[in-house]
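Q: Here it is, the structure, as structure tokens.
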Amino acid sequence: MADLLTAEFWTKYGPLLLDGTIDTLVMTGISTVFAYLLGLPLGVALILTQPHGIRPNNIIYKVLGWIINVGRSLPFIILMVAIMDFTKLIVGTKIGVRGAIVPLVVSAAPFIARMVETSLAEVDAGVVEAAQSMGASTFQIVWKVYLPEAKPSLVLGGAISIVTILAYTAIAGAIGAGGLGDLAIRYGYQRRYPPMLLVTVIFLIVLVQLIQSVFSHVSNRIDKRLDSGHKKGFEPLELLFRFTHTK
Amino acid sequence: MSESIIQIQHLTKTFGDGDTAVHALEDINLDIKQGEIFGIIGLSGAGKSTLVRCINLLERPTSGTVTVDGKEMTALSEKELRLARRDVTMIFQSFNLLMQRTCLKNVCFPMELSGVPAVQAKKRALELLEIVGLADKADAYPSQLSGGQKQRVAIARALATDPKVLLCDEATSALDPTTTASILALLKDLNAKLGVTVVVITHQMSVIEEICSRVAILDGGVVAEQGNVEDIFSHPSTDAARRLVYPGGVSVSQYPAGTHAVRVAFNGGTAYQPLIASLAIDLGVKVNILGADTRNIDGKAFGTMLLGLPDDPNEAAKALSYIRSQPNVSAEEVEYHG
């Protein structure tokens, strides 16, 4: 482990680690954006069509719920292999950073849909009813009531989603997606070089901590409810637990 | 009284169907006049909240019609209904303010929905906050306000679209008595100044006394009684009305057999003390107060008293005719047969 303190280690592996970190961030960032583009409308649809929603529709609600549950029940590594042809169709390759983004989005979107649903469910039904009593349209209720009122909670959910996707990128590394997970497996596991494993783990922990701190801070800043009971924070250990126990 | 603004005809509301169906409202007929403050009172579960939600169609009636300001609400398309709701706004027990918006932005909200330009909306919202006495709280968030202040913001918000009707669903039930009084005074004031018709849903008789001119008593999903507040107070003719008007429950049955009693109703005349005193002084007849529940409304005495009359039939008759000769007092004999 003393290797970590030598200049030699960092000259040799520094560029690799930098590239790996960038790859991880790129995969995570792009996947998060696309997963939200799918997951957010899905979560909204669940809230609107639920039995006590403002647009109750049992068929849509049940079908969406079923699709989301199927998506969530597949372990990421299986899903990644299972949809390889689809991945190739969309981005032209099954491997690398680009090849990882498609399964990441497919896997995270249902998860995000549930996160969004949970956040929106926290919005007081009375406030939604008040908006209805003022003649708000469904779109206005989503845009001006549900999303803004749930914003602090959505931001916290965002942190959980990003951390989850970050964890998936490490799994994607196992089949050649690149990134920190790829380095950990190739150097740390296959070449039996513990310092590399350690340093990638440290990098991942720091990334997760940074993401969570920034999002928690933002959520607290934008929340105008003084009631601290509504505010959630995650302890570092709990985060690590979440990180290591994702599928 | 002027023309009617809300007409409810043969309205029923049933939740669920088959054996589990709950008949929340049955054959409701109400006629609420332009510019009045109309009360709908009932105990929990009487259907008050469902009824008020049938007025702006947050609940769609199972059958019957609701007409507001000449528009048959029950026949409107969804889009027309959304427009119509700007004329029939609502305040709530739990205020229902948007917690992530300032007071000013909360008041702007309905104007945003109807597409009023932002500058104009802000100007109007400030005027409204001024009217409800919270101009200095424009930039505060709801969580920084007391319950009474939140309800004032909610009232300002409800007035933002210049409604013809303001529905108040238990609007003071979460507030302490002093705050309740100030909110009721504000509603009364707005009714007088703006001419907005106010419909008050409450389980508190005191709220009705304070501001309503007419009242409907809802009991088990039906209108048990309706009329002028004074009439209902002096001559409650149904059990439901009696329960609400005399919360203590002046009941004959709890007195000994053979008691010759008379139920005296005060219909807004003199207070009751001089009556009992003058009975003793003028006639030398001593009566026994078996039970009393009177209240003071705008300086007039309302309520009932149950008096035990002397056993001597002549004295009892004298006392009775004396009581009946008093202005604004009516009396009926109540015989208790063990």
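Naming scheme: A, B, ... for chains in displayed order of the structure tokens; residues 1 onward per chain; ligands 1 onward as shown.
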Using only C-alpha atoms and a cut-off of 9 Å, which residues of chain B sit close to chain A? Please list them as a PyMOL selection string.
A: chain B and resi 53+56-58+79+81-92+94-102+109-110+113-114+141-144+158+161
Q: In Å, rounded to a single decimal, give me how far atom CA of Gly173 of chain A is from atom CA of Gly14 of chain A.
A: 18.4 Å
Q: DSSP on the backbone: which residues in segment 137-271 of chain B end up as strand (DSSP E or B)? Give the answer as number ranges by chain.
A: B: 165-169, 197-202, 214-219, 222-228, 260-269
Q: Given the choices B:Ala241, B:Gln93, B:Thr197, B:Ser4, which gets closest to Thr180 of chain B if the distance is worked out from only C-alpha atoms?
A: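 The answer is B:Gln93, which sits nearest to Thr180 of chain B.
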Q: Please indicate the distance in Å from atom CA of Leu307 of chain B to atom CA of Phe266 of chain B, rounded to one decimal place.
A: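 Answer for the atom CA of Leu307 of chain B to atom CA of Phe266 of chain B separation: 12.8 Å.
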Q: Per DSSP on the backbone, filter segment 25-203 of chain A down to the residues in alpha helix (DSSP H) and report them as a PyMOL selection string.
A: chain A and resi 25-49+58-73+76-82+84-91+96-121+125-133+138-140+147-172+180-183+194-203
Q: Just checking: using only C-alpha atoms, which residue out of A:Ile30, A:Lys12, A:Ala172, A:Phe139 ends up closest to Val105 of chain A?
A: A:Ile30
Q: Leaving out Leu128 of chain B and any residue of its chain fewer than 6 positions from it, which residues lie within 9 Å of it when counting only C-alpha atoms, given as number ranges by chain?
A: B: 107, 134-135, 153, 155-157, 159-160
Q: Write the residues you've just listed into a file as a PDB file, in the first residue's frame, and include C-alpha atoms for each of them.
A:
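Saved file part_7.pdb follows:
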```pdb
ATOM      1  CA  VAL B 107     -51.839  35.356  -3.790  1.00  0.00           C
ATOM      2  CA  LEU B 134     -50.712  41.392   5.888  1.00  0.00           C
ATOM      3  CA  ALA B 135     -48.954  43.796   3.548  1.00  0.00           C
ATOM      4  CA  VAL B 153     -53.286  34.888   3.032  1.00  0.00           C
ATOM      5  CA  ILE B 155     -58.517  34.639   1.883  1.00  0.00           C
ATOM      6  CA  ALA B 156     -56.457  37.130  -0.118  1.00  0.00           C
ATOM      7  CA  ARG B 157     -55.643  34.324  -2.566  1.00  0.00           C
ATOM      8  CA  LEU B 159     -60.238  36.925  -3.664  1.00  0.00           C
ATOM      9  CA  ALA B 160     -57.594  37.301  -6.366  1.00  0.00           C
TER      10      ALA B 160
END
```
Q: Residues near Arg124 of chain B, anyone? I mean within 10 Å using only C-alpha atoms, not counting same-chain ones fewer than 2 positions away, as a PyMOL selection string.
A: chain B and resi 104+107-108+111+118-122+126-130+156+160-161
Q: Rounded to one decimal in Å, what is the spacing between atom CA of Met196 of chain A and atom CA of Ile22 of chain A?
A: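 Between atom CA of Met196 of chain A and atom CA of Ile22 of chain A the gap is 16.5 Å.
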Q: Return the single residue from A:Thr93, A:Ser161, A:Thr49, A:Gln209 that is closest to Thr28 of chain A, with distances computed using only C-alpha atoms.
A: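 For Thr28 of chain A, the nearest of the candidates is A:Ser161.
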